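**Q** Take a look at this one; I'll ask things after.
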Amino acid sequence: MTAQEVRLCGLLLQEHFGDVVEKVGTHLLRNGAQHLRAIVQETGTPMDLVKKSLCVLIQHGACAFSSGRKGPGSPVEYQASFERILRILRYPRYIYTAKTLYGDTGELIIEELLQRGHMTMSSTVKTVADRLTLNMEEGHSMEYSEVSNTFSKLVETHFLQRCPPVEVAGKAVSATPDPATTPGAPANNTTPSTPESFADCYKVPHVTLIGRGKRRNSSEDGEDQRNAKRAKEDPETHGDEGIYWQVNFERFHLHFRDQAIISAVANKLDQTSSEIVRTMLRMSEVTTPPIATCTQALSANEIFRSLPPNYNISRPILDQYLTLLVDDPMEFVGKSGDSGGGMYVVNLHRALANLARATLESVVQERFGSRSARIFRLLLRKRHLEQKQVEDFAMIPAKEAKDMLYTLLSENLVQLQEIPKTPDHAPSRTFYLYTVNQLPTARMLLQNCFKTVANLIERRLFETKESKRLLEKSQRIEAILASLQASGAEPEQLTEVEEMITPPEKQQLESLRHHINKLDSAENQVDETIFLLESYIKSTATATR
Amino acid sequence: VTEIRIYSFMIKELCQQFPQGITDQVIQNDMPHLEPQQRAMAINKLLSLGQLDLLRNSAGLLYRMKDTQTASKMKGSDNQEKLVYQIIEDAGNKGIWSREIRFKSNLPLTEINKILKNLESKKLIKAVKSVAASKKKVYMLYNLQPDRSVTGGAWYSDQDFESEFVEVLNQQCFKFLQSKAEAARDSKQSPMVQRNSSFATSHEVWKYICELGISKVDLSMDDIETILNTLIYDGKVEMTVIAAKEGTVGSVDGQMKLYRGVNAIIQPTGLVKVPCGLCPVFDDCHEGGEISPSNCIYMAEWLDF
């Protein structure tokens, strides 16, 4: 847990859950697994607040509990998961993907689940139907069955999964009441069970949900209150109590990875090749385990049959495209056999490594210039080179090449390897070779990305704080306007109120909004880099095991 | 004394008979009555006159007739100069550094310098500045062409690396390959044919550059290949090697190198779209310090953009 990671997680927790949760969360991140009393003592927050924060964290899957290390009688220990907290950064991308794949319904389902952490299917469907009905025209409302259909589709393609149930052991430990899972003592084994280890992970329960979304009008305020109360005491059961669902992040990540590979192929080769690769990846979506280095072998016959119908290319042309993909030096696709017209696989690990390498090269190019990028690529290709060789291959004058190499060395993007000729390591009799190690450099850049995102968030908070007075004023004016409009005021009164904000203030507000939008979108862009680098590092770790 | 002269003359005649050189044994066989001491004196006289070359081979000492032209050149010089000249001659067209001359001849530095100046003024040797270390001067015979490693070849003119020349060549080669790739893509033929026609052999590129006439120096195919390699390191070009029949134009040792322009596989990554990704003081920045996200001037400029 590096300092940058802890800082970033702290900022994310504070923005989404508040100060108390942030304090508890960062304490857990810094100090590893801890039991309740230790957390209370060391953070100095009262016991019930700590319990509530842990509730929130567990609800979102950011914290896990397990029995203590000191034996079966010791108190429960809680551990925060830094990876899960970082996913908060990627929520917009998940929601957008759901929107492109499953429309507005899918978008709202994912959004609700991300906000609540764990939910039952019935409550999700009801809430989403209500929200959709709100945006529809008068007199129309959303059928529950439609929403259920989309929900089932999301489960079928594994974008949603059931939360793993926690086994009830004999003793009931008075740890935090956990609404997400059936209350009880935690499992006795310390290994966390993955959601996939349960057989019913992707089974949609039989739910009796008949009805339509309810529209909430603002004139029915009083009725709303009564409705809300009634909803809480709603004894309606729909047959899926205790079955909670969560978003399957890994599946989204596989989708993003596939997207990155397809766009890389489209850039390098052409549209048709990328369509072929897209087909291959789609066919192996559910058959390939997430950590595989390459997909299952697909025969050319299968690929030909599964191509989208509007791409009518003939069989020999498809074979040519496949041969070209195999011959390409980037090695996106490989040939593993000749049966069935040729067996082809997509080399996932190789593709991720190429994408990570392109990311590193792009960072060097933007930061130091295209000639330094030339030296960097040269070193990546040739592994180890002497100073003189670097100058010769890159065709850069000696003085400038030396300067660039030393700059890269000081930024730790390039390393120096000494090979002594004599046992006394005399400098005049030693070879000094420059080299680039892709994996450690990728890790370093990943830490830089974390720091960058934390910087962006802090800047955003700072900008908001600076203009707090102005924002409050504009909010008050909007509230006054809304109440005036509701009580039927004349246009002159409205304009009078509107003019309480002076034009320079309006401009300031406008520029503030522009800044905040820019910072927000920048966070998403850096998150894309984070995703590529993280996938590469994870894939290398599993590939070399 | 006149005997010595006669003996010298006879030895000289022997040498002329055997242009590849004669040994002591041969002289002894020819003139058996000659005593070793007198023989030595005669040979020394010839050596000092510069008419005989003293060489050593595995069998022993060898005496050879000296080339009359060089003999006349060296007439005014003394032994030391001759020695230095010989050392420089041996170095061929790579030249030799003055300190190495000192090692080989065991003469003191001042003597060496005097001799070198003398020889230079007689236009027998010349000094060439080495491109690797600009202060170092190597000496070689006057009429020799300095070797590539000393002058740097086609890319150096007067010891200066010609960066603009290299840049221009770089861009021209890239444009040629790019236009070829585009033409292939627009031709809308089957993909295999498209890809093959987007390739260009190194020979084709070489011909194109020669015809462009932008180079004052003659460039060889190897030179063009080094330029194309820099394009590969720029990520703009990729290369494959194919087997070619001996005798096809441009093939070297039965293979040909093909080059083709390519596009980058990703857009510039997200990290560099943000000021922090390019910030020179990234490591010094932290909240509450002199440089922090709240007061970052780069961010302020970028936000107002």
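In the structure tokens, the first chain shown is A, the next is B, and so on; residue numbers restart at 1 for each chain, and ligands run from 1 in the order shown.
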Report as a ChimeraX atom specification: the residues of segment 94-268 of chain B with a DSSP assignment of helix (DSSP H, G or I), based on the backbone of this structure.

**A** /B:94,98-105,109-121,148-151,153-155,163-186,191-197,202-212,221-233

**Q** Using only C-alpha atoms, find the residues of chain B whose closest atom to chain A is at most 7 Å away, then write them as a count of residues only.

**A** 24

**Q** Go ahead and compute the interatomic distance for atom CA of Ser306 of chain A and atom CA of Met283 of chain A, in Å to one decimal.

**A** 7.9 Å
